[in-house]
file query-v2.txt (compact mmCIF, C-alpha atoms)
# COMPACT_ATOMS: atom_id res chain seq x y z
CA MET A 1 171.33 176.94 144.83
CA THR A 2 168.78 174.21 145.39
CA PHE A 3 167.38 176.09 148.36
CA PHE A 4 166.81 179.26 146.29
CA TYR A 5 165.14 177.24 143.47
CA ARG A 6 162.68 175.64 145.87
CA LEU A 7 161.96 179.03 147.44
CA ILE A 8 161.17 180.64 144.10
CA THR A 9 158.94 177.70 143.07
CA CYS A 10 156.93 177.82 146.31
CA SER A 11 156.51 181.58 145.95
CA LEU A 12 155.20 181.28 142.42
CA LEU A 13 152.72 178.54 143.43
CA ALA A 14 151.51 180.69 146.32
CA LEU A 15 150.98 183.67 144.04
CA CYS A 16 149.52 181.68 141.11
CA PRO A 17 147.74 178.52 142.35
CA THR A 18 146.51 177.83 138.80
CA LEU A 19 150.03 176.85 137.84
CA GLY A 20 149.68 173.62 139.89
CA PHE A 21 149.55 170.25 138.21
CA ALA A 22 146.11 169.34 136.69
CA LYS A 23 144.23 166.35 138.09
CA ARG A 24 144.24 163.15 135.99
CA PRO A 25 140.78 162.67 134.37
CA THR A 26 138.65 159.66 135.40
CA ALA A 27 138.86 156.64 132.95
CA TYR A 28 135.95 156.53 130.46
CA ALA A 29 133.79 153.34 130.56
CA PRO A 30 132.14 152.82 127.13
CA PRO A 31 128.41 151.98 127.24
CA VAL A 32 127.52 148.48 126.04
CA ILE A 33 124.52 146.16 125.98
CA ILE A 34 124.94 142.89 127.89
CA GLU A 35 123.06 139.61 127.43
CA THR A 36 123.10 136.45 129.54
CA VAL A 37 123.97 133.22 127.74
CA THR A 38 121.31 130.52 128.28
CA SER A 39 120.97 126.97 127.02
CA GLN A 40 117.84 125.81 125.20
CA THR A 41 116.55 122.88 123.20
CA ILE A 42 117.10 123.32 119.48
CA HIS A 43 116.60 121.24 116.36
CA THR A 44 118.81 121.11 113.32
CA PRO A 45 116.48 122.32 110.56
CA ILE A 46 116.50 120.47 107.24
CA GLU A 47 115.11 122.73 104.53
CA ALA A 48 113.67 121.59 101.22
CA LEU A 49 111.41 122.77 98.40
CA GLY A 50 108.36 120.80 97.25
CA THR A 51 105.16 121.02 95.23
CA THR A 52 101.69 120.29 96.57
CA LYS A 53 99.57 117.49 95.13
CA ALA A 54 95.99 116.52 95.88
CA LEU A 55 95.54 113.54 98.17
CA ASN A 56 93.27 112.00 95.49
CA THR A 57 92.42 113.47 92.12
CA ILE A 58 90.66 112.17 89.00
CA ILE A 59 89.19 113.45 85.75
CA LEU A 60 85.49 112.62 85.56
CA THR A 61 84.55 111.03 82.22
CA PRO A 62 81.49 109.11 80.92
CA ASN A 63 81.50 105.34 80.35
CA THR A 64 79.19 105.42 77.35
CA THR A 65 78.05 107.65 74.51
CA GLU A 66 74.92 109.64 75.33
CA LYS A 67 73.56 113.17 75.73
CA VAL A 68 73.65 115.07 79.04
CA SER A 69 70.19 115.25 80.64
CA GLU A 70 71.03 116.57 84.14
CA ILE A 71 73.97 118.43 85.70
CA LEU A 72 73.71 118.15 89.49
CA PHE A 73 77.05 119.63 90.59
CA LYS A 74 78.32 123.18 90.98
CA GLU A 75 81.88 124.13 90.09
CA GLY A 76 84.21 124.75 93.01
CA THR A 77 81.98 123.10 95.63
CA LEU A 78 82.54 120.17 97.97
CA VAL A 79 80.77 116.92 97.06
CA HIS A 80 80.56 113.72 99.06
CA LYS A 81 81.22 110.11 98.13
CA GLY A 82 78.19 108.52 96.42
CA GLU A 83 76.63 111.85 95.46
CA ILE A 84 75.14 111.92 91.94
CA LEU A 85 76.93 114.55 89.85
CA LEU A 86 75.53 114.10 86.34
CA ARG A 87 72.98 112.02 84.44
CA LEU A 88 73.08 111.09 80.79
CA ASN A 89 69.87 110.47 78.83
CA GLN A 90 68.44 107.15 80.04
CA GLN A 91 64.79 107.30 78.97
CA GLU A 92 65.07 104.30 76.67
CA GLU A 93 66.95 102.25 79.25
CA GLN A 94 64.44 103.18 81.96
CA ALA A 95 61.51 102.10 79.73
CA THR A 96 63.24 98.81 78.95
CA LEU A 97 63.86 98.31 82.68
CA ASP A 98 60.17 98.85 83.45
CA SER A 99 59.31 96.20 80.85
CA ALA A 100 61.88 93.81 82.32
CA LEU A 101 60.45 94.33 85.81
CA ALA A 102 56.98 93.44 84.51
CA LEU A 103 58.29 90.24 82.88
CA PHE A 104 60.11 89.40 86.12
CA SER A 105 56.84 89.76 88.05
CA GLU A 106 55.02 87.45 85.59
CA ALA A 107 57.84 84.90 85.70
CA LYS A 108 57.76 84.91 89.49
CA GLU A 109 54.00 84.32 89.59
CA ALA A 110 54.35 81.50 87.04
CA LEU A 111 57.02 79.86 89.18
CA ASN A 112 54.83 80.14 92.28
CA ARG A 113 51.96 78.38 90.45
CA ALA A 114 54.35 75.72 89.18
CA GLU A 115 55.53 75.03 92.72
CA GLY A 116 51.90 74.47 93.79
CA LEU A 117 51.29 72.10 90.85
CA ARG A 118 54.50 70.22 91.63
CA LYS A 119 53.23 69.31 95.08
CA SER A 120 50.23 67.59 93.49
CA ASN A 121 52.36 66.11 90.67
CA ASN A 122 50.35 68.04 88.05
CA ILE A 123 53.40 69.51 86.27
CA SER A 124 56.34 67.84 84.62
CA ASN A 125 59.91 68.42 85.75
CA ALA A 126 60.73 69.99 82.38
CA ASP A 127 57.93 72.59 82.68
CA PHE A 128 58.93 73.38 86.28
CA LYS A 129 62.57 73.92 85.26
CA LYS A 130 61.37 76.14 82.38
CA ARG A 131 59.44 78.40 84.80
CA LYS A 132 62.48 78.63 87.04
CA THR A 133 64.76 79.45 84.11
CA ASP A 134 62.39 82.16 82.89
CA LEU A 135 62.57 83.83 86.30
CA LEU A 136 66.38 83.71 86.40
CA GLU A 137 66.60 85.18 82.88
CA ALA A 138 64.21 88.00 83.79
CA GLU A 139 66.30 88.78 86.90
CA ALA A 140 69.53 88.76 84.89
CA ARG A 141 68.03 91.15 82.32
CA ILE A 142 67.06 93.56 85.11
CA ASN A 143 70.62 93.49 86.50
CA ILE A 144 72.06 94.21 83.03
CA LEU A 145 69.71 97.17 82.52
CA LYS A 146 70.47 98.56 86.00
CA SER A 147 74.19 98.30 85.25
CA HIS A 148 73.69 100.17 81.98
CA ILE A 149 71.67 102.88 83.75
CA LYS A 150 74.44 103.11 86.36
CA ASP A 151 76.90 103.80 83.54
CA LEU A 152 74.65 106.67 82.50
CA THR A 153 74.85 108.17 86.02
CA LEU A 154 78.04 109.85 87.22
CA VAL A 155 78.65 109.41 90.97
CA ALA A 156 81.41 110.95 93.15
CA PRO A 157 83.87 108.16 94.08
CA PHE A 158 85.20 110.12 97.11
CA ASP A 159 84.77 113.40 98.98
CA GLY A 160 86.36 116.26 97.05
CA ILE A 161 86.14 119.62 95.31
CA ILE A 162 84.68 119.82 91.80
CA GLY A 163 86.83 121.78 89.37
CA LEU A 164 85.85 123.85 86.34
CA SER A 165 83.62 122.27 83.69
CA ASP A 166 82.63 123.16 80.12
CA ILE A 167 79.79 120.62 79.87
CA SER A 168 76.32 121.86 78.91
CA LEU A 169 72.89 120.24 78.95
CA GLY A 170 72.22 118.31 75.76
CA ALA A 171 75.91 117.88 74.93
CA LEU A 172 76.79 114.51 73.41
CA LEU A 173 79.49 112.86 75.49
CA GLN A 174 81.69 109.95 74.57
CA PRO A 175 83.97 107.76 76.71
CA GLY A 176 87.13 109.76 77.54
CA ASP A 177 85.49 113.21 77.25
CA ARG A 178 86.44 115.46 80.17
CA ILE A 179 83.54 116.49 82.38
CA ALA A 180 85.42 118.03 85.35
CA SER A 181 88.16 117.26 87.85
CA LEU A 182 87.48 115.97 91.34
CA SER A 183 90.20 116.55 93.95
CA ASP A 184 90.41 115.62 97.60
CA ILE A 185 92.44 118.48 99.12
CA SER A 186 91.54 118.01 102.79
CA SER A 187 95.18 116.93 103.00
CA LEU A 188 97.90 117.59 100.45
CA LYS A 189 100.85 115.46 99.43
CA VAL A 190 104.20 117.21 99.12
CA ASP A 191 107.20 115.46 97.52
CA PHE A 192 110.65 116.95 98.10
CA ASP A 193 114.31 115.92 97.81
CA VAL A 194 116.55 115.57 100.86
CA PRO A 195 120.34 114.93 100.68
CA ASP A 196 121.16 111.35 101.64
CA LEU A 197 123.44 112.49 104.47
CA TYR A 198 120.27 113.39 106.42
CA LEU A 199 118.74 109.92 106.09
CA LYS A 200 119.63 109.12 109.71
CA ASP A 201 117.56 112.12 110.83
CA LEU A 202 114.40 111.16 108.89
CA LYS A 203 111.62 108.84 109.93
CA GLU A 204 107.99 108.25 109.05
CA GLY A 205 105.57 110.23 111.20
CA GLN A 206 108.13 113.00 111.82
CA ASN A 207 106.69 116.52 112.15
CA ILE A 208 107.35 119.14 109.49
CA SER A 209 106.48 122.80 109.00
CA ALA A 210 105.49 124.24 105.64
CA PHE A 211 105.35 127.81 104.33
CA VAL A 212 103.94 129.24 101.10
CA GLU A 213 104.41 132.71 99.65
CA ALA A 214 100.65 133.29 99.50
CA TYR A 215 100.43 133.07 103.32
CA PRO A 216 103.92 134.05 104.56
CA GLN A 217 102.87 134.44 108.21
CA LYS A 218 101.07 131.07 108.42
CA SER A 219 102.94 127.94 109.48
CA LEU A 220 101.30 124.79 108.12
CA LYS A 221 101.81 121.51 109.96
CA GLY A 222 102.31 118.07 108.52
CA LYS A 223 104.01 114.71 108.93
CA ILE A 224 106.37 112.61 106.84
CA LYS A 225 104.36 109.77 105.31
CA THR A 226 106.87 107.88 103.17
CA ILE A 227 110.62 107.90 102.51
CA ASP A 228 111.61 106.49 99.14
CA THR A 229 113.68 103.31 99.17
CA VAL A 230 116.04 104.49 96.42
CA VAL A 231 118.66 107.28 96.48
CA ASN A 232 119.15 109.14 93.20
CA PRO A 233 122.74 108.30 92.16
CA ASN A 234 123.11 111.57 90.23
CA THR A 235 121.90 114.02 92.88
CA ARG A 236 122.55 111.87 95.99
CA THR A 237 119.09 112.79 97.26
CA VAL A 238 116.09 110.77 98.37
CA ILE A 239 112.45 111.66 97.70
CA VAL A 240 110.39 112.22 100.84
CA ARG A 241 106.59 112.45 100.78
CA ALA A 242 104.75 114.37 103.50
CA LEU A 243 101.09 115.03 104.21
CA ILE A 244 100.02 118.58 105.12
CA ASP A 245 96.70 119.23 106.81
CA ASN A 246 94.49 121.47 104.63
CA GLN A 247 91.04 121.28 106.20
CA ASP A 248 90.44 124.98 105.53
CA HIS A 249 91.34 124.46 101.84
CA LEU A 250 93.78 127.39 101.80
CA LEU A 251 96.29 125.54 99.65
CA LYS A 252 95.76 124.29 96.11
CA PRO A 253 97.55 121.53 94.23
CA GLY A 254 100.59 122.77 92.31
CA MET A 255 101.78 125.37 94.84
CA ILE A 256 105.49 125.62 95.77
CA VAL A 257 106.07 124.91 99.46
CA ASN A 258 109.09 125.58 101.67
CA ILE A 259 109.54 122.59 103.96
CA ILE A 260 111.38 122.66 107.30
CA ILE A 261 112.05 119.37 109.09
CA GLU A 262 113.04 119.66 112.73
CA SER A 263 115.54 116.93 113.54
CA SER A 264 118.23 115.99 116.09
CA PRO A 265 116.89 117.77 119.24
CA ARG A 266 119.68 118.83 121.62
CA GLU A 267 120.60 121.36 124.30
CA ALA A 268 122.69 124.24 122.95
CA LEU A 269 123.98 127.72 123.78
CA LEU A 270 122.62 130.34 121.39
CA ILE A 271 123.92 133.91 121.15
CA PRO A 272 122.91 136.80 118.87
CA GLU A 273 124.82 136.82 115.60
CA LYS A 274 125.62 140.52 116.08
CA ALA A 275 127.63 139.70 119.24
CA ILE A 276 130.25 137.82 117.20
CA LEU A 277 133.49 139.41 115.98
CA GLN A 278 134.97 137.65 112.98
CA GLU A 279 138.68 137.67 112.19
CA GLY A 280 139.44 135.42 109.27
CA LYS A 281 138.17 131.96 110.21
CA LYS A 282 138.18 132.72 113.95
CA SER A 283 135.21 133.98 115.95
CA PHE A 284 135.34 136.02 119.16
CA VAL A 285 132.99 137.57 121.71
CA PHE A 286 133.57 139.95 124.62
CA LEU A 287 132.92 138.14 127.90
CA PHE A 288 131.64 140.49 130.64
CA ASP A 289 132.41 140.11 134.35
CA PRO A 290 129.53 141.61 136.42
CA LYS A 291 131.75 142.06 139.49
CA THR A 292 134.61 143.97 137.92
CA GLN A 293 132.64 145.18 134.86
CA ILE A 294 135.70 144.31 132.78
CA VAL A 295 135.40 142.62 129.37
CA LYS A 296 137.59 139.81 128.09
CA ARG A 297 138.01 138.94 124.44
CA THR A 298 137.19 135.22 124.14
CA LEU A 299 137.65 132.74 121.28
CA ILE A 300 134.54 130.63 120.50
CA THR A 301 133.63 127.77 118.15
CA LEU A 302 130.38 128.15 116.24
CA GLY A 303 127.80 125.55 115.25
CA SER A 304 124.45 125.87 113.48
CA ARG A 305 122.78 129.16 112.61
CA ILE A 306 119.11 129.49 113.53
CA LYS A 307 117.54 132.70 112.23
CA ASP A 308 119.53 135.59 113.80
CA ARG A 309 121.22 133.46 116.48
CA VAL A 310 124.22 131.13 116.37
CA GLU A 311 125.01 127.99 118.34
CA VAL A 312 128.25 128.10 120.38
CA LEU A 313 130.01 124.74 120.64
CA GLU A 314 133.07 125.83 122.65
CA GLY A 315 134.26 128.91 124.54
CA LEU A 316 131.16 129.86 126.53
CA LYS A 317 129.17 128.43 129.44
CA ASP A 318 125.59 128.71 130.55
CA ALA A 319 124.74 131.88 132.60
CA GLN A 320 127.84 133.81 131.42
CA HIS A 321 127.43 137.39 130.17
CA ILE A 322 128.52 138.72 126.78
CA VAL A 323 128.51 142.07 125.00
CA VAL A 324 125.92 142.14 122.21
CA GLU A 325 126.09 145.84 121.27
CA GLY A 326 128.90 148.42 121.45
CA GLN A 327 131.84 146.10 120.68
CA ILE A 328 133.35 148.63 118.28
CA LYS A 329 134.09 151.01 121.19
CA ILE A 330 135.83 148.51 123.46
CA ARG A 331 138.98 146.39 123.66
CA ASP A 332 140.20 143.48 125.73
CA GLY A 333 140.61 144.15 129.47
CA ILE A 334 138.84 147.50 129.80
CA LYS A 335 136.00 148.44 132.11
CA VAL A 336 132.61 149.08 130.47
CA SER A 337 129.26 150.53 131.48
CA PRO A 338 126.36 148.09 130.91
CA GLN A 339 123.19 149.80 129.66
CA LYS A 340 119.55 148.72 129.53
CA LYS A 341 118.48 147.65 126.08
CA LEU A 342 115.68 149.86 124.81
CA GLU A 343 112.61 148.11 123.48
CA SER A 344 110.92 149.48 120.36
CA SER A 345 108.23 151.17 122.48
CA GLU A 346 110.91 152.85 124.66
CA ARG A 347 112.98 154.31 121.85
CA PRO A 348 112.98 158.12 121.85
CA ARG A 349 111.03 159.77 119.10
CA LYS A 350 112.64 162.30 116.83
CA ARG A 351 111.29 165.78 117.37
CA ASN A 352 110.52 167.88 114.35
CA ILE A 353 111.99 171.37 114.73
CA VAL A 354 110.16 174.09 112.84
CA LYS A 355 112.06 177.32 112.32
CA ASN A 356 110.07 180.55 112.30
CA GLU A 357 111.41 183.00 109.75
CA SER A 358 110.36 186.63 110.16
CA SER A 359 109.61 188.49 107.00
CA SER A 360 111.71 191.46 106.27
call {"tool": "encode", "arguments": {"input": "query-v2.txt", "output": "structure tokens"}}
result
Amino acid sequence: MTFFYRLITCSLLALCPTLGFAKRPTAYAPPVIIETVTSQTIHTPIEALGTTKALNTIILTPNTTEKVSEILFKEGTLVHKGEILLRLNQQEEQATLDSALALFSEAKEALNRAEGLRKSNNISNADFKKRKTDLLEAEARINILKSHIKDLTLVAPFDGIIGLSDISLGALLQPGDRIASLSDISSLKVDFDVPDLYLKDLKEGQNISAFVEAYPQKSLKGKIKTIDTVVNPNTRTVIVRALIDNQDHLLKPGMIVNIIIESSPREALLIPEKAILQEGKKSFVFLFDPKTQIVKRTLITLGSRIKDRVEVLEGLKDAQHIVVEGQIKIRDGIKVSPQKKLESSERPRKRNIVKNESSS
């Protein structure tokens, strides 16, 4: 019976070869993108928010009551220390000074004559002292008048930018009246709060980076100048003051600044955030073996996040390979097909297809 069964089967296969068993298809290797893990020096960024302040700023006001006779500054321009900005009316004081200078000259000549007479004993000690006193009084009066004229002249106390002013020629000014603001903005002060747990990572002279919304692509550089000696007991923060270079005068006082302090430099393994598979509180990556092209699901411990990359504390080593794209198509222990990652310039362009419709 067995012999006849085998005979019939062989005959059928000879007549109909298509009835043979089909070949087993080759295993499919999903395409993935691979990246090599490398170590690099990173800093733990401390981020804060601050407000810019001028390095020096004052409100210019007169010291005495008088009318404006000269305005020598222009709003919004840079002035230098010692430059005369404004003069109040000083005609009367100048005339009085001229008179005092004439009296001083007469008193000096009288004293010179008295000194000649004293050598020949032709003048009493009382008269000689009187001539000397007259000269000292004339000199003192000149100094008083010069001081008064100085009060009628407004001089820049430091280099800075003059702000807006509403003062006009002939206006009567009194002590305390606002003339304009003067601000030194070649460097800007920025005060910001930092949690006290970062105190160990802060020190004077430490570099910072600053960013403002007005210039989002520009990174401004600065240094920490002072760290406050007191921690706020309510917020558990300490005030830190930094100086930001502003030689081009891009920034103005009162702007909000994002501060980034780079602290605690260390060597770390960074991988793309998109390479990580999250399951509850556990994180995994697919480790790729270049020899066998097989992937292995690997548990990792994460550290700090820096932009779109994450620090790996445990689970990976330098120079290992991981899957960064295509994880959804793969599973532990299968063979994959590594692909070249296309740069933006290499990506294929979509072709517009235009259908021609013939009119009926």
call {"tool": "closest_residue", "arguments": {"input": "query-v2.txt", "among": "A:Val230, A:Ala110, A:Ile185, A:Val37", "to": "A:Val285", "atoms": "all atoms listed in the file"}}
result
A:Val37
call {"tool": "atom_distance", "arguments": {"input": "query-v2.txt", "atom1": "atom CA of A:Ser181", "atom2": "atom CA of A:Val212"}}
result
23.8 Å
call {"tool": "closest_residue", "arguments": {"input": "query-v2.txt", "among": "A:Arg241, A:Lys200, A:Lys335, A:Arg236", "to": "A:Phe288", "atoms": "only C-alpha atoms"}}
result
A:Lys335
call {"tool": "closest_residue", "arguments": {"input": "query-v2.txt", "among": "A:Pro157, A:Ser168, A:Ser304, A:Ile162", "to": "A:Ile71", "atoms": "all atoms listed in the file"}}
result
A:Ser168
call {"tool": "closest_residue", "arguments": {"input": "query-v2.txt", "among": "A:Val323, A:Ala107, A:Ala275, A:Ile149", "to": "A:Gln91", "atoms": "only C-alpha atoms"}}
result
A:Ile149
call {"tool": "residues_around", "arguments": {"input": "query-v2.txt", "residues": "A:Lys189", "least_positions_apart": "6", "cutoff": "7 Å", "atoms": "all atoms listed in the file", "output": "NGL selection string"}}
result
:A and (52-55 or 241-244)
call {"tool": "atom_distance", "arguments": {"input": "query-v2.txt", "atom1": "atom CA of A:Tyr28", "atom2": "atom CA of A:Pro338"}}
result
12.8 Å
call {"tool": "residues_around", "arguments": {"input": "query-v2.txt", "residues": "A:Asp308", "least_positions_apart": "4", "cutoff": "10 Å", "atoms": "all atoms listed in the file", "output": "ChimeraX atom specification"}}
result
/A:270-274
call {"tool": "atom_distance", "arguments": {"input": "query-v2.txt", "atom1": "atom CA of A:Ile227", "atom2": "atom CA of A:Lys203"}}
result
7.5 Å
call {"tool": "build_atoms", "arguments": {"input": "query-v2.txt", "residues": "stretch 77-88 of chain A", "atoms": "all heavy atoms", "output": "compact mmCIF listing (two decimals), in the coordinates of the input"}}
result
# COMPACT_ATOMS: atom_id res chain seq x y z
N THR A 77 82.64 123.47 94.37
CA THR A 77 81.98 123.10 95.63
C THR A 77 82.44 121.71 96.09
O THR A 77 82.97 120.91 95.31
CB THR A 77 80.46 123.10 95.47
OG1 THR A 77 80.09 122.17 94.44
CG2 THR A 77 79.96 124.48 95.11
N LEU A 78 82.20 121.46 97.38
CA LEU A 78 82.54 120.17 97.97
C LEU A 78 81.41 119.18 97.72
O LEU A 78 80.25 119.49 97.97
CB LEU A 78 82.79 120.34 99.47
CG LEU A 78 83.04 119.07 100.28
CD1 LEU A 78 84.36 118.43 99.86
CD2 LEU A 78 83.03 119.37 101.77
N VAL A 79 81.75 117.99 97.25
CA VAL A 79 80.77 116.92 97.06
C VAL A 79 81.22 115.72 97.89
O VAL A 79 82.39 115.59 98.24
CB VAL A 79 80.63 116.53 95.58
CG1 VAL A 79 80.10 117.70 94.77
CG2 VAL A 79 81.95 116.04 95.01
N HIS A 80 80.27 114.86 98.21
CA HIS A 80 80.56 113.72 99.06
C HIS A 80 80.48 112.40 98.27
O HIS A 80 79.80 112.33 97.23
CB HIS A 80 79.58 113.68 100.23
CG HIS A 80 79.66 114.90 101.10
ND1 HIS A 80 80.68 115.11 102.00
CD2 HIS A 80 78.84 115.99 101.19
CE1 HIS A 80 80.51 116.26 102.61
NE2 HIS A 80 79.39 116.82 102.14
N LYS A 81 81.18 111.42 98.77
CA LYS A 81 81.22 110.11 98.13
C LYS A 81 79.80 109.56 97.95
O LYS A 81 78.99 109.60 98.87
CB LYS A 81 82.04 109.15 98.98
CG LYS A 81 82.17 107.76 98.37
CD LYS A 81 83.02 106.87 99.26
CE LYS A 81 83.14 105.47 98.66
NZ LYS A 81 83.97 104.58 99.49
N GLY A 82 79.51 109.07 96.72
CA GLY A 82 78.19 108.52 96.42
C GLY A 82 77.19 109.53 95.91
O GLY A 82 76.10 109.16 95.45
N GLU A 83 77.55 110.81 95.94
CA GLU A 83 76.63 111.85 95.46
C GLU A 83 76.56 111.83 93.94
O GLU A 83 77.59 111.75 93.25
CB GLU A 83 77.12 113.20 95.97
CG GLU A 83 76.17 114.36 95.69
CD GLU A 83 76.66 115.65 96.32
OE1 GLU A 83 77.41 115.60 97.32
OE2 GLU A 83 76.30 116.73 95.79
N ILE A 84 75.32 111.91 93.40
CA ILE A 84 75.14 111.92 91.94
C ILE A 84 75.52 113.29 91.39
O ILE A 84 75.01 114.32 91.85
CB ILE A 84 73.69 111.58 91.56
CG1 ILE A 84 73.34 110.15 92.02
CG2 ILE A 84 73.48 111.70 90.05
CD1 ILE A 84 71.89 109.76 91.77
N LEU A 85 76.42 113.29 90.41
CA LEU A 85 76.93 114.55 89.85
C LEU A 85 76.31 114.88 88.50
O LEU A 85 76.10 116.05 88.18
CB LEU A 85 78.46 114.45 89.69
CG LEU A 85 79.25 114.08 90.95
CD1 LEU A 85 80.73 113.96 90.62
CD2 LEU A 85 79.02 115.11 92.04
N LEU A 86 76.01 113.85 87.71
CA LEU A 86 75.53 114.10 86.34
C LEU A 86 74.77 112.87 85.86
O LEU A 86 75.13 111.73 86.20
CB LEU A 86 76.72 114.41 85.42
CG LEU A 86 76.45 114.68 83.95
CD1 LEU A 86 77.35 115.81 83.44
CD2 LEU A 86 76.73 113.42 83.12
N ARG A 87 73.73 113.12 85.07
CA ARG A 87 72.98 112.02 84.44
C ARG A 87 72.98 112.21 82.94
O ARG A 87 72.75 113.31 82.44
CB ARG A 87 71.54 111.97 84.95
CG ARG A 87 71.39 111.39 86.35
CD ARG A 87 69.91 111.07 86.62
NE ARG A 87 69.73 110.50 87.94
CZ ARG A 87 69.35 111.18 89.02
NH1 ARG A 87 69.13 112.49 88.91
NH2 ARG A 87 69.19 110.59 90.19
N LEU A 88 73.24 111.10 82.24
CA LEU A 88 73.08 111.09 80.79
C LEU A 88 71.66 110.60 80.46
O LEU A 88 70.99 110.00 81.30
CB LEU A 88 74.12 110.17 80.15
CG LEU A 88 75.58 110.57 80.36
CD1 LEU A 88 76.51 109.55 79.72
CD2 LEU A 88 75.87 111.96 79.81
